[in-house]
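Student: So that we are looking at the same thing, I have put the structure below in structure tokens.
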Amino acid sequence: MSIKSLDPRITREHIPEQPDTNPLKEIHQWQTYEVFHQAKKGDHHIHVGSLHAPNPEMAFLLAKEQFARRYKCVNLWVVKTADIFSTDYADEDMFETNSEKIYREAGGYKVMDKINKYKSEHKEN
Amino acid sequence: MKEFSEIQLKALKDLILRMADDQLILGHRNSEWTALGPILEEDIAFSSMAQDKLGHSLALYQVLNKLGEAEPDTLAFTREEKDFKCCHLVEYPIGDYAFSLMRHFLFDNSEAIRFEMLADSLCEDLANVAKKFRGELKYHTMHADTWIIQLGSGTEESKARMQSALNDCLPLALSIFEPGENEDALNTGNIFPGEKILQDEWLKRIKIILDKAKLVMPDIYTSDPSYGGRKGYHTEYLKPLLDEMTEVYSIDPEAEW
């Protein structure tokens, strides 16, 4: 039995109701690529997702419609997922104490007191 | 707007109608791949370009409307088959993906060159449409060319399927360049140089890509081009397409969708 749809285009394709769910064997030539989108010249490229493609040129073709068709875009990067060096979630503890180190942030320095003191002293001028 | 002679205006309208009908019908055809594309990413890309085509047809029907013809929706949804001026290439069913991709390659390259030529047209409204869609067409032809080269130089199966699609499609594609009425008036009026010049340029351009794809260009002079569409004589495939496309409009012309 093939799929009967309200959409005549689907019905006339005679698509079997039980699809063939065997995974493709020769998928080796397709890899995933990560896509980075730049909304304005000078902005950072921002990661927007990934897709399948056999090479960078094809990855760009598919990324353009996938990730840059609705919003303003001036530039796209595509990078083979395998080429991205990534940390392991098992090593997440490396980052753990970061939130305690406020002395590393500008706001962590006790300068506001001095600034406010200076401001109040010079108010009359 | 520049004043055109009566014969120029008639030829100009005929040209724009041919272009708009090609875009509408091919846009509709290509949209039939939505949800059935070979891979998810390509499905989205091809569907999106099909929508672009409908956008091009709308812009062209709007120019016709300014020149005194009916509203775009009226032109698109109420004309009879014989009043359509699309070429035979765009009417054929989607076939397999090799056929649809080859048609997309052959048609969009012709469209890109046509719009380049029209960017300098003395018909300002048409020139503006041509310039407006330059970027979209750049992507469309890049998409088509890249796929053709990719599959033409792929596996034995992909090469054979692309060559066979090319052999089927090329004679049909010549129907794009069926001369319109009073083309000389357009040429001498600096409105459009003519289908013959367009076809020659197109042959040069597709040859470059086909060579890269290692596909063999069939001899275009061995078969008669599939002419007739520009005069309202269509293949058996157009009528069912129109019936399907106008189904909602025919039930309720006021429906919002």
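Quick note on naming: the chains in the structure tokens go A, B, ... in the order shown, residues restart at 1 in each chain, and ligands are numbered from 1 in order of appearance.
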List the spatial neighbours of stretch 70-79 of chain A as a PyMOL selection string - criterion: any atom at most 8 Å away, only C-alpha atoms, same-chain residues fewer than 5 positions off excluded.
Tutor: chain A and resi 33-41+45+56+59-60+63-64+84
Student: Atoms to include: N, CA and C atoms. Write the selected residues as a short mmCIF file (atom, residue, chain, number, x, y, z; two decimals), in the first residue's frame.
Tutor:
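So the final result, stored in part-v3.cif, reads:
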```
data_model
loop_
_atom_site.label_atom_id
_atom_site.label_comp_id
_atom_site.auth_asym_id
_atom_site.auth_seq_id
_atom_site.Cartn_x
_atom_site.Cartn_y
_atom_site.Cartn_z
N TYR A 33 28.92 19.25 8.70
CA TYR A 33 29.62 20.54 8.72
C TYR A 33 28.93 21.45 9.72
N GLU A 34 29.71 22.29 10.37
CA GLU A 34 29.14 23.27 11.30
C GLU A 34 29.04 24.60 10.57
N VAL A 35 27.96 25.32 10.80
CA VAL A 35 27.71 26.56 10.07
C VAL A 35 27.77 27.76 11.01
N PHE A 36 28.49 28.79 10.58
CA PHE A 36 28.64 30.02 11.36
C PHE A 36 28.15 31.19 10.52
N HIS A 37 27.35 32.01 11.14
CA HIS A 37 26.62 33.06 10.44
C HIS A 37 27.07 34.43 10.93
N GLN A 38 27.30 35.35 10.01
CA GLN A 38 27.66 36.71 10.41
C GLN A 38 26.58 37.67 9.93
N ALA A 39 26.00 38.40 10.87
CA ALA A 39 24.87 39.26 10.53
C ALA A 39 25.32 40.61 9.98
N LYS A 40 26.51 41.04 10.39
CA LYS A 40 26.99 42.36 9.98
C LYS A 40 28.50 42.30 9.86
N LYS A 41 29.05 43.00 8.89
CA LYS A 41 30.50 43.02 8.73
C LYS A 41 31.16 43.46 10.04
N HIS A 45 31.26 35.75 13.96
CA HIS A 45 30.45 34.71 13.33
C HIS A 45 29.85 33.88 14.45
N PRO A 56 33.06 21.03 1.21
CA PRO A 56 32.76 22.39 1.69
C PRO A 56 31.88 23.20 0.72
N ALA A 59 28.46 22.09 1.19
CA ALA A 59 28.02 22.50 2.52
C ALA A 59 27.57 23.95 2.49
N PHE A 60 28.33 24.79 1.78
CA PHE A 60 27.94 26.19 1.68
C PHE A 60 26.59 26.34 0.99
N ALA A 63 23.93 25.30 3.32
CA ALA A 63 23.86 26.18 4.50
C ALA A 63 23.17 27.48 4.17
N LYS A 64 23.38 27.97 2.97
CA LYS A 64 22.83 29.27 2.59
C LYS A 64 21.31 29.28 2.75
N ILE A 84 36.92 20.32 14.20
CA ILE A 84 36.81 21.16 15.39
C ILE A 84 37.31 20.38 16.60
#
```
Student: Can you list every residue of chain B that has an atom at most 10 Å from chain A, with its nearest atom pair and the distance in Å to one decimal, using only C-alpha atoms, ordered by chain then number, as a Markdown table?
Tutor:
```
| residue | atom | partner | partner_atom | distance |
| --- | --- | --- | --- | --- |
| B:Ser31 | CA | A:Arg9 | CA | 9.6 |
| B:Glu32 | CA | A:Arg9 | CA | 6.2 |
| B:Trp33 | CA | A:Arg9 | CA | 8.5 |
| B:Thr34 | CA | A:Arg9 | CA | 9.2 |
| B:Ala35 | CA | A:Ile10 | CA | 8.6 |
| B:Leu36 | CA | A:Ile10 | CA | 8.0 |
| B:Ile39 | CA | A:His52 | CA | 8.8 |
| B:Leu40 | CA | A:His52 | CA | 8.8 |
| B:Glu41 | CA | A:Leu62 | CA | 5.8 |
| B:Glu42 | CA | A:Leu62 | CA | 6.3 |
| B:Asp43 | CA | A:Leu62 | CA | 9.3 |
| B:Ile44 | CA | A:Gln66 | CA | 6.7 |
| B:Ala45 | CA | A:Glu65 | CA | 5.1 |
| B:Phe46 | CA | A:Glu65 | CA | 8.6 |
| B:Ser47 | CA | A:Glu65 | CA | 9.4 |
| B:Ser48 | CA | A:Glu65 | CA | 7.0 |
| B:Met49 | CA | A:Glu65 | CA | 8.6 |
| B:Tyr139 | CA | A:Leu61 | CA | 8.1 |
| B:His140 | CA | A:Leu61 | CA | 9.4 |
| B:Met142 | CA | A:Leu61 | CA | 7.8 |
| B:His143 | CA | A:Leu61 | CA | 6.0 |
| B:Ala144 | CA | A:Leu61 | CA | 9.6 |
| B:Thr146 | CA | A:Met58 | CA | 7.2 |
| B:Trp147 | CA | A:Met58 | CA | 7.8 |
| B:Gln150 | CA | A:Met58 | CA | 8.5 |
| B:Glu244 | CA | A:Pro8 | CA | 8.5 |
```
Student: Could you save the residues just selected, with C-alpha atoms, as a tab-separated table (two decimals), in the first residue's frame?
Tutor:
```tsv
chain	number	residue	atom	x	y	z
B	31	SER	CA	7.64	22.97	-5.30
B	32	GLU	CA	6.35	19.45	-5.89
B	33	TRP	CA	9.68	18.25	-4.46
B	34	THR	CA	8.85	19.74	-1.07
B	35	ALA	CA	8.98	16.91	1.48
B	36	LEU	CA	10.19	14.48	-1.20
B	39	ILE	CA	18.07	14.80	1.47
B	40	LEU	CA	16.64	17.17	4.04
B	41	GLU	CA	19.06	20.02	3.37
B	42	GLU	CA	18.54	19.89	-0.39
B	43	ASP	CA	14.78	19.65	0.06
B	44	ILE	CA	14.85	22.97	1.90
B	45	ALA	CA	17.16	24.61	-0.63
B	46	PHE	CA	15.16	23.47	-3.66
B	47	SER	CA	11.84	24.44	-2.08
B	48	SER	CA	13.19	27.83	-1.19
B	49	MET	CA	14.31	28.44	-4.77
B	139	TYR	CA	22.77	31.65	-5.84
B	140	HIS	CA	20.41	29.63	-8.06
B	142	MET	CA	25.75	28.48	-8.22
B	143	HIS	CA	23.52	25.82	-6.70
B	144	ALA	CA	22.74	24.28	-10.08
B	146	THR	CA	27.78	22.91	-8.25
B	147	TRP	CA	25.33	20.00	-8.24
B	150	GLN	CA	29.35	17.17	-8.32
B	244	GLU	CA	-4.21	21.64	-9.38
```
Student: Please compute the atom CA of B:Pro179-atom CA of B:Asp243 distance, one decimal, in Å.
Tutor: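 Computing it gives 27.4 Å between the two atoms.
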Student: Which residues come within 12 Å of A:Pro19, counting only C-alpha atoms, excluding same-chain residues fewer than 5 positions away, as a PDB file with C-alpha atoms, in the first residue's frame?
Tutor:
```pdb
ATOM      1  CA  MET A   1       0.000   0.000   0.000  1.00  0.00           C
ATOM      2  CA  SER A   2       1.225   3.486  -0.782  1.00  0.00           C
ATOM      3  CA  ILE A   3       0.527   6.663   1.169  1.00  0.00           C
ATOM      4  CA  HIS A  14       3.370   6.045  -4.616  1.00  0.00           C
TER       5      HIS A  14
END
```
Student: Could you check the closest approach to B:Met19 for each of B:Pro253, B:Gly229, B:Gly37, B:Pro240 and tell me which residue wins, using only C-alpha atoms?
Tutor: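 Once distances to B:Met19 are computed over only C-alpha atoms, the minimum belongs to B:Gly229.
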Student: If you run DSSP on this backbone, which residues of chain A come out as alpha helix (DSSP H), and could you give them as an MDAnalysis selection string?
Tutor: chainID A and resid 8:11 56:67 112:121
Student: Can you tell me how far atom CA of B:Ala185 sits from atom CA of B:Gln8, in Å to one decimal?
Tutor: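 These two atoms are separated by 5.4 Å.
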